[in-house]
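Data first, discussion second: the structure below is written as structure tokens.
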Protein chains: 2
Amino acid sequence: MKKRRSLELKPIGIIRSPYKDKDQVPNQGYRSKKIARIEVFKEFEEGLQDIEGFSHIVVIYWFHRSRGYHLSVKTPWDDIPHGLFATRSPHRPCPLGLTVAQLVAREGNVLKVKGLDAIDGTPVLDIKPYISSIDEQSAVKSGWLEGKLGKERS
Amino acid sequence: MKKRRSLELKPIGIIRSPYKDKDQVPNQGYRSKKIARIEVFKEFEEGLQDIEGFSHIVVIYWFHRSRGYHLSVKTPWDDIPHGLFATRSPHRPCPLGLTVAQLVAREGNVLKVKGLDAIDGTPVLDIKPYISSIDEQSAVKSGWLEGKLGKERS
């Protein structure tokens with residue numbers, strides 16, 4: 001039995017970014033020192049309590065400019081196409097973006113973060129604390145990206 | 001202006017897990033050596049090409065048993081309530097689960113993974129390659145969970 005029920009998600013906030021458009025996001029935007037702001041809608045502000053104790057957060061957002069997808073894709077890092085789920089392309093069946101960002105400061109309902117390479121106006125779906133013992137792995141192999149590390153793009 | 005457009009997501013697959021119900025998931029399920037299977041629907045199989053080269057994958061899934069949420073929550077790890085977004089509670093405005101799992105094997109449209117503590121029948125929304133240089137962080141501080149590490153729950 002295949003579960004094909006669909007899930008409807010309403011954003012909890014919005015990203016205010018120095019990148020106004022896709023073309024402005026550098027290939028290694030996740031290494032950028034630029035500050036982005038996550039404006040969590042006021043009605044969810046209470047849910048941010050104690051988040052400022054975490055140095056990093058996982059931000060899940062909606063690639064809202066994404067339209068359609070291909071299951072086999074070429075990336076800037078390789079001449080050979082790869083399966084979509086072996087890439088971080090924004091064009092996916094479920095257009096969900098994921099970034100681990102450094103939490104620089106919290107000001108009420110606003111989180112100031114580094115390393116978030118989403119464009120301005122991106123809807124935020126969820127924020128989770130980044131926890132090393134859960135989220136970090138050892139002995140990691142990076143498949144077709146191996147040897148291209150340092151050049152890869154989220 | 002608040003963007004309140006909603007996003008409708010259709011699962012790309014389903015998790016077949018040894019945990020049939022929430023009560024069966026151990027508190028540190030992400031450390032479990034048990035194997036779960038991610039059955040990606042056949043129509044998306046082509047998108048898995050080359051994923052077997054990666055030792056770890058990021059799995060985003062739908063907490064499909066989650067009903068409602070509170071913005072301030074108590075967890076098993078602390079007597080004090082914390083903001084929902086400073087916890088990994090499954091009861092969230094957007095009930096999205098996130099696990100970094102070890103990819104043990106791929107057999108066609110099926111991925112065998114370790115460390116995925118979702119229950120049987122959980123709908124999968126996205127699969128991404130885990131890439132150390134993007135997803136790993138240094139100098140991580142874990143806020144209210146500090147000192148409770150090794151006991152925390154995803």
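Each chain of the structure tokens is named A, B, ... in the order shown, its residues numbered from 1; ligands are numbered from 1 in display order.
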Run DSSP on the backbone and give me the residues of chain B it puts in strand (DSSP E or B), as JSON, numbers by chain.
{"B": [7, 8, 9, 13, 14, 15, 16, 35, 36, 37, 38, 39, 40, 54, 56, 57, 58, 59, 60, 61, 62, 72, 73, 82, 83, 96, 97, 98, 99, 100, 101, 102, 103, 104, 105, 106, 107, 110, 111, 112, 113, 114, 123, 124, 125, 126, 127, 128, 129, 142]}
Over all C-alpha pairs taken in sequence order, what does chain B look like after a least-squares fit onto chain A? Please give it as a compact mmCIF listing (two decimals) with C-alpha atoms, in the first residue's frame.
```
# COMPACT_ATOMS: atom_id res chain seq x y z
CA MET B 1 -0.02 -0.02 -0.14
CA LYS B 2 1.40 3.33 -1.03
CA LYS B 3 0.53 6.22 1.21
CA ARG B 4 -0.18 9.07 -1.16
CA ARG B 5 -1.97 11.34 1.27
CA SER B 6 -0.54 14.78 0.88
CA LEU B 7 0.73 17.10 3.59
CA GLU B 8 -0.16 20.75 3.65
CA LEU B 9 2.36 23.01 5.34
CA LYS B 10 2.03 26.63 6.36
CA PRO B 11 5.26 28.60 6.87
CA ILE B 12 6.24 29.66 10.40
CA GLY B 13 8.38 32.56 9.21
CA ILE B 14 10.30 34.14 6.39
CA ILE B 15 13.98 34.62 5.52
CA ARG B 16 15.32 38.13 5.00
CA SER B 17 18.51 37.61 3.09
CA PRO B 18 21.14 39.78 1.41
CA TYR B 19 20.54 37.59 -1.67
CA LYS B 20 17.58 39.06 -3.52
CA ASP B 21 17.65 36.52 -6.31
CA LYS B 22 19.08 33.11 -7.17
CA ASP B 23 21.80 34.69 -9.30
CA GLN B 24 23.15 36.54 -6.28
CA VAL B 25 23.71 33.43 -4.18
CA PRO B 26 27.38 32.44 -4.44
CA ASN B 27 28.19 28.83 -5.25
CA GLN B 28 29.48 28.36 -1.74
CA GLY B 29 26.90 30.53 -0.03
CA TYR B 30 26.83 28.27 3.00
CA ARG B 31 30.36 29.45 3.76
CA SER B 32 29.42 33.10 3.52
CA LYS B 33 29.90 35.36 6.51
CA LYS B 34 26.86 37.41 5.53
CA ILE B 35 24.05 37.66 8.05
CA ALA B 36 20.53 36.61 7.15
CA ARG B 37 17.50 37.19 9.35
CA ILE B 38 14.83 34.63 10.03
CA GLU B 39 11.65 36.46 10.95
CA VAL B 40 9.50 33.98 12.80
CA PHE B 41 5.87 35.06 12.74
CA LYS B 42 4.84 36.61 16.06
CA GLU B 43 2.33 33.88 16.80
CA PHE B 44 5.21 31.36 16.99
CA GLU B 45 7.67 33.50 18.99
CA GLU B 46 7.08 31.61 22.24
CA GLY B 47 8.45 28.50 20.51
CA LEU B 48 11.89 30.15 20.25
CA GLN B 49 12.44 30.21 24.02
CA ASP B 50 15.96 28.95 24.90
CA ILE B 51 17.01 28.55 21.27
CA GLU B 52 19.68 31.21 21.84
CA GLY B 53 21.64 28.65 23.86
CA PHE B 54 22.33 26.68 20.71
CA SER B 55 25.22 27.74 18.49
CA HIS B 56 23.69 26.18 15.39
CA ILE B 57 20.20 25.49 14.11
CA VAL B 58 18.71 23.36 11.37
CA VAL B 59 16.50 25.44 9.12
CA ILE B 60 14.03 23.70 6.83
CA TYR B 61 12.57 25.96 4.19
CA TRP B 62 10.54 25.94 1.03
CA PHE B 63 12.36 26.40 -2.28
CA HIS B 64 9.45 28.59 -3.31
CA ARG B 65 10.94 29.50 -6.69
CA SER B 66 11.40 25.87 -7.65
CA ARG B 67 9.19 24.71 -10.50
CA GLY B 68 9.26 21.08 -11.48
CA TYR B 69 12.22 18.71 -11.40
CA HIS B 70 14.18 16.09 -13.30
CA LEU B 71 15.18 12.79 -11.69
CA SER B 72 18.59 12.91 -13.37
CA VAL B 73 20.46 16.21 -13.02
CA LYS B 74 23.72 17.85 -13.91
CA THR B 75 25.32 19.99 -11.22
CA PRO B 76 28.05 22.64 -11.42
CA TRP B 77 30.44 20.09 -9.85
CA ASP B 78 30.43 17.37 -12.42
CA ASP B 79 29.90 16.79 -16.14
CA ILE B 80 28.06 13.56 -15.49
CA PRO B 81 24.39 13.59 -14.48
CA HIS B 82 23.46 12.07 -11.13
CA GLY B 83 20.24 10.96 -9.50
CA LEU B 84 18.36 13.92 -8.05
CA PHE B 85 18.39 12.45 -4.52
CA ALA B 86 22.20 12.18 -4.72
CA THR B 87 22.35 15.96 -5.21
CA ARG B 88 21.24 19.03 -3.26
CA SER B 89 19.43 20.57 -6.24
CA PRO B 90 16.53 22.83 -5.24
CA HIS B 91 14.33 21.29 -7.92
CA ARG B 92 12.81 18.30 -6.13
CA PRO B 93 9.43 16.54 -5.88
CA CYS B 94 9.15 18.01 -2.36
CA PRO B 95 11.02 21.32 -2.73
CA LEU B 96 12.45 21.34 0.81
CA GLY B 97 15.69 23.15 1.55
CA LEU B 98 17.86 22.31 4.52
CA THR B 99 20.69 24.36 5.99
CA VAL B 100 22.63 24.08 9.22
CA ALA B 101 23.23 27.72 10.11
CA GLN B 102 25.18 29.43 12.84
CA LEU B 103 22.86 31.24 15.24
CA VAL B 104 24.51 34.60 15.85
CA ALA B 105 21.79 36.30 17.89
CA ARG B 106 18.12 36.24 18.75
CA GLU B 107 16.13 39.43 19.00
CA GLY B 108 12.57 38.55 19.97
CA ASN B 109 11.03 36.78 17.02
CA VAL B 110 14.09 37.37 14.80
CA LEU B 111 17.05 35.01 14.49
CA LYS B 112 20.26 36.36 12.99
CA VAL B 113 22.18 33.58 11.30
CA LYS B 114 25.31 32.96 9.25
CA GLY B 115 25.63 30.43 6.45
CA LEU B 116 22.03 30.46 5.27
CA ASP B 117 22.20 30.76 1.49
CA ALA B 118 18.46 31.00 0.77
CA ILE B 119 17.12 33.97 -1.15
CA ASP B 120 15.15 36.84 0.33
CA GLY B 121 11.51 36.00 0.95
CA THR B 122 12.04 32.26 1.35
CA PRO B 123 9.30 30.76 3.57
CA VAL B 124 10.59 28.92 6.65
CA LEU B 125 8.84 25.68 7.57
CA ASP B 126 10.72 24.49 10.63
CA ILE B 127 13.61 25.29 12.93
CA LYS B 128 15.32 22.63 15.04
CA PRO B 129 18.30 22.77 17.37
CA TYR B 130 21.45 21.28 15.83
CA ILE B 131 22.69 18.53 18.14
CA SER B 132 26.14 17.08 17.40
CA SER B 133 25.48 13.64 18.80
CA ILE B 134 22.39 13.25 16.61
CA ASP B 135 23.27 15.20 13.50
CA GLU B 136 26.98 14.58 13.08
CA GLN B 137 28.43 11.47 11.56
CA SER B 138 31.88 9.93 11.39
CA ALA B 139 33.58 8.02 8.59
CA VAL B 140 31.57 9.91 6.03
CA LYS B 141 31.94 9.06 2.34
CA SER B 142 30.66 11.51 -0.22
CA GLY B 143 30.17 9.41 -3.32
CA TRP B 144 30.46 11.27 -6.60
CA LEU B 145 31.28 14.46 -4.70
CA GLU B 146 34.42 12.95 -3.19
CA GLY B 147 37.46 14.84 -4.36
CA LYS B 148 35.22 17.72 -5.31
CA LEU B 149 34.75 18.66 -1.67
CA GLY B 150 35.32 22.28 -0.97
CA LYS B 151 33.72 22.99 -4.31
CA GLU B 152 30.33 21.45 -3.77
CA ARG B 153 27.13 23.42 -3.55
CA SER B 154 24.20 22.87 -1.22
```
Could you pull out the helix (DSSP H, G or I) residues of chain B from DSSP and send them as JSON, numbers by chain?
{"B": [22, 23, 24, 29, 30, 31, 42, 43, 44, 45, 46, 47, 48, 51, 52, 53, 84, 85, 86, 132, 133, 134, 135, 143, 144, 145]}
Can you write just those residues out, C-alpha atoms, as a PDB file, in the first residue's frame?
```pdb
ATOM      1  CA  LYS B  22       5.732   5.184  18.883  1.00  0.00           C
ATOM      2  CA  ASP B  23       6.008   3.188  22.104  1.00  0.00           C
ATOM      3  CA  GLN B  24       8.475   0.815  20.466  1.00  0.00           C
ATOM      4  CA  GLY B  29      16.630   5.178  18.546  1.00  0.00           C
ATOM      5  CA  TYR B  30      19.034   7.113  16.373  1.00  0.00           C
ATOM      6  CA  ARG B  31      21.835   5.050  17.910  1.00  0.00           C
ATOM      7  CA  LYS B  42       9.084   3.194  -8.312  1.00  0.00           C
ATOM      8  CA  GLU B  43       8.360   6.375 -10.229  1.00  0.00           C
ATOM      9  CA  PHE B  44      11.203   8.104  -8.339  1.00  0.00           C
ATOM     10  CA  GLU B  45      13.767   5.267  -8.501  1.00  0.00           C
ATOM     11  CA  GLU B  46      15.835   6.952 -11.217  1.00  0.00           C
ATOM     12  CA  GLY B  47      16.501   9.781  -8.747  1.00  0.00           C
ATOM     13  CA  LEU B  48      18.481   7.375  -6.520  1.00  0.00           C
ATOM     14  CA  ILE B  51      23.280   7.599  -3.933  1.00  0.00           C
ATOM     15  CA  GLU B  52      24.962   4.337  -2.913  1.00  0.00           C
ATOM     16  CA  GLY B  53      28.303   6.165  -3.005  1.00  0.00           C
ATOM     17  CA  LEU B  84       9.266  23.983  20.784  1.00  0.00           C
ATOM     18  CA  PHE B  85      11.869  25.094  18.218  1.00  0.00           C
ATOM     19  CA  ALA B  86      14.612  24.459  20.800  1.00  0.00           C
ATOM     20  CA  SER B 132      30.315  16.840   5.822  1.00  0.00           C
ATOM     21  CA  SER B 133      31.542  20.197   4.633  1.00  0.00           C
ATOM     22  CA  ILE B 134      27.980  21.511   4.396  1.00  0.00           C
ATOM     23  CA  ASP B 135      26.190  19.687   7.178  1.00  0.00           C
ATOM     24  CA  GLY B 143      22.037  25.097  25.002  1.00  0.00           C
ATOM     25  CA  TRP B 144      19.729  23.510  27.544  1.00  0.00           C
ATOM     26  CA  LEU B 145      20.771  20.061  26.317  1.00  0.00           C
TER      27      LEU B 145
END
```
